[in-house]
Amino acid sequence: MSGLEEISEDERVRIASDFIKAAPPGEFKEVVNDVRVLLANDKLLTRASGVFYDYATEQFTTVKLDGGDALITKEGSLDGSKRFYDPKTGKSFTYNYLKNESSEVQEEDREQGEEEKWRSAIQDALKPYLDEFYPAHVSAVYGKMEDGQVSLTVCVEDHKYNPNNFWNGKWKSKWETKFPSAGGYATVSGVMSAQVHYYEDGNVQLLSNKKVEESVQMSDPAKAAANIVEFIKKSETEYQMAINENYTSMSNTTFKALRRNLPITQTLIDWHKLHGFQVGKDIMNKS
Amino acid sequence: MSGQQLDCALDLMRRLPPQNIEKNLSDLIDLVPDLCEDLLASVDQPLKISKCKKTGKDYLLCDYNRDGDSYRSPWSNEYDPPIEDGSIPSDKTRKFEVDANFAFDMYREQYFEGGISSCYFWDQDNGGFAGAILIKKTGDGSKKFRGAWDSIHVVEVQEKGAGRNAHYKLISTVMLWLHNSRPESGSMDLGGSLSRQAEKDAPVTDMSSHIVNIGQMVEKMENSIRSTLDTIYFGRTRDIMNETRSLVDLKGKEKMDKVNRQLAKALEEKNKKTVEEAAATAAAKK
């Protein structure tokens with residue numbers, strides 16, 4: 001049990017930040033509001049608000065951008081704070097975390113190097129795959145040159161928010177690879193995650209994630225893109241199927257082993273008889 | 001301000017991942033120490049186990065058998081660590097508590113085939129009495145599949161009609177925790193709790209009637225929550241996940257749905273025709 005002495009302001013900011021970072025998908029505003037009331041000190045809340053960036057980039061929060069959708073990610077950050085870039089449209093924008101809105105949209109005339117032909121090939125190859133398996137996907141493919149190598153990052157997100165029915169869910173995945181511009185074999189590493197929150201008369205959450213890695217051939221942009229998307233498709237399908245299998249076995253095995261539907265007698269307990277055992281035991285003890 | 005803060009604290013506990021309940025509750029109490037007692041009373045945590053120093057039997061810890069930092073064993077009726085003037089039930093209530101522990105021990109064995117149960121009862125200021133019935137079961141499956149169940153039932157009893165009737169109010173929370181670490185699915189954690197309430201009136205002849213009435217109410221409630229847990233955990237959360245990414249190629253699914261609709265329509269037409277022909281034949285015979 002915690003001692004009830006006053007904790008420091010730094011500790012208060014730490015706690016507020018931890019709470020905000022743990023907000024389930026689609027419930028950022030509600031959690032910030034709760035924290036604001038509990039913190040009861042807007043100066044400290046402003047200090048904690050540095051965590052908004054960490055939360056949104058970790059979650060791949062989506063935002064409307066000129067009639068389309070863009071992702072908030074670290075790779076797309078221009079200043080580590082409020083300016084972000086969307087590689088698909090080539091636009092940059094200012095992001096308002098609490099309103100979840102974009103503004104000050106600008107066309108970026110970015111210098112494009114070696115990486116662009118690989119980046120755009122993946123972006124093109126990715127779309128038909130996402131259209132096939134995701135009802136409402138938002139994605140971003142980032143490319144840059146780093147230490148003379150092509151560095152690519154793919155971010156994918158799809159969510160379904162239904163707070164009126166007390167549930168929210170999100171799927172996201174991130175894929176990274178780095179290779180010399182001449183091509184060759186390269187490791188593609190991915191992290192996939194699924195989170196669901198159900199909160200009608202309770203609080204139930206699914207938290208799941210999986211890391212994968214494979215060596216993929218990058219001979220030319222088109223072939224590399226096809227190989228990478230094939231790897232993504234295989235990994236994500238396998239992962240989702242495995243989660244579904246787990247659900248079945250958890251329900252049939254683990255859950256049943258915790259508590260039976262009914263006693264072995266297949267009838268409800270006769271509580272009058274149960275008490276009879278107690279009385280009998282008392283009588284036996286007394287004799 | 002404090003009322004609003006408690007509401008926000010409870011709202012927060014309903015949103016933060018239940019997998020981190022203990023850390024979240026501890027941080028919350030540090031942040032708003034004035035709410036400490038209210039939070040400990042209203043936020044359910046996974047039940048902790050302790051061993052009775054006198055009888056060697058396990059018992060469960062909760063706010064209802066806590067006094068300061070000590071907990072009372074339902075077997076020995078003593079506090080650990082020992083304290084002076086620790087709150088204990090009256091003799092009559094203690095006798096009832098002993099009977100209840102015995103009865104629910106048998107209930108636990110029949111439904112859970114293992115696990116631990118503990119019952120704590122106390123007198124209410126309004127002349128009635130109240131109690132908490134707790135059950136904990138952990139699955140001893142392989143390391144890859146782990147599970148735990150925590151039941152927390154809180155019942156209030158108000159005797160009426162010169163002791164011939166009683167009104168029972170039950171608030172039940174069941175926490176269910178499942179963890180899976182098969183390499184194909186990475187790390188998978190499905191956990192949390194659901195709460196339900198019920199009220200009923202029932203006849204009373206003596207104290208043992210309360211055991212029967214409360215027992216039947218708890219059994220019915222737990223069976224109902226168990227069924228709901230099955231639907232929510234293994235049905236709804238699974239469906240929601242599958243709505244964020246489809247297992248089946250959506251374009252292919254669209255095509256299949258179209259084919260199925262055409263098939264259904266064709267079958268309907270065929271049945272309609274068969275019925276019409278049969279009716280015409282029957283009419284012709286008259």
# chains A, B, ... in the order shown; residues from 1 in each chain; ligands from 1

$ closest_atom_pairs --of "chain A" --to "chain B" --cutoff "6 Å" --atoms "only C-alpha atoms" --output "Markdown table"
| residue | atom | partner | partner_atom | distance |
| --- | --- | --- | --- | --- |
| A:Ala23 | CA | B:Leu16 | CA | 6.0 |
| A:Asp34 | CA | B:Cys8 | CA | 4.9 |
| A:Leu38 | CA | B:Gln5 | CA | 5.7 |
| A:Glu132 | CA | B:Leu250 | CA | 5.1 |
| A:Phe133 | CA | B:Ser246 | CA | 5.1 |
| A:Tyr134 | CA | B:Arg245 | CA | 5.0 |
| A:Asp158 | CA | B:Thr244 | CA | 5.5 |
| A:His159 | CA | B:Thr244 | CA | 5.3 |
| A:Trp171 | CA | B:Thr244 | CA | 5.9 |
| A:Asp201 | CA | B:Ser195 | CA | 5.7 |
| A:Gly202 | CA | B:Leu194 | CA | 4.2 |
| A:Asn203 | CA | B:Arg14 | CA | 5.3 |
| A:Val204 | CA | B:Gly192 | CA | 4.2 |
| A:Gln205 | CA | B:Gly191 | CA | 5.6 |
| A:Leu206 | CA | B:Leu190 | CA | 4.5 |
| A:Leu207 | CA | B:Asp189 | CA | 5.1 |
| A:Ser208 | CA | B:Met188 | CA | 4.3 |
| A:Asn209 | CA | B:Ser187 | CA | 5.5 |
| A:Lys210 | CA | B:Gly186 | CA | 4.2 |
| A:Tyr239 | CA | B:Ser185 | CA | 5.4 |
| A:Ala242 | CA | B:Ser185 | CA | 5.1 |
| A:Ile243 | CA | B:Ser185 | CA | 5.6 |
| A:Tyr247 | CA | B:Phe234 | CA | 5.9 |
| A:Leu258 | CA | B:Gly139 | CA | 5.9 |
| A:Arg259 | CA | B:Phe112 | CA | 4.7 |
| A:Arg260 | CA | B:Tyr111 | CA | 5.2 |
| A:Pro263 | CA | B:Gln110 | CA | 5.2 |
| A:Trp271 | CA | B:Val212 | CA | 5.2 |

$ residues_around --residues "A:Met192" --least-positions-apart "2" --cutoff "10 Å" --atoms "only C-alpha atoms" --output "MDAnalysis selection string"
(chainID A and resid 156:157 171:175 190 194 208:212 232 235:236 239:240) or (chainID B and resid 186)

$ select_by_dssp --residues "stretch 134-203 of chain A" --states "strand (DSSP E)" --output "PyMOL selection string"
chain A and resi 138-146+149-162+167-180+184-198+202-203

$ closest_residue --among "A:Pro87, A:Gly113, A:Gly80, A:Gly143" --to "A:Lys178" --atoms "only C-alpha atoms"
A:Gly143
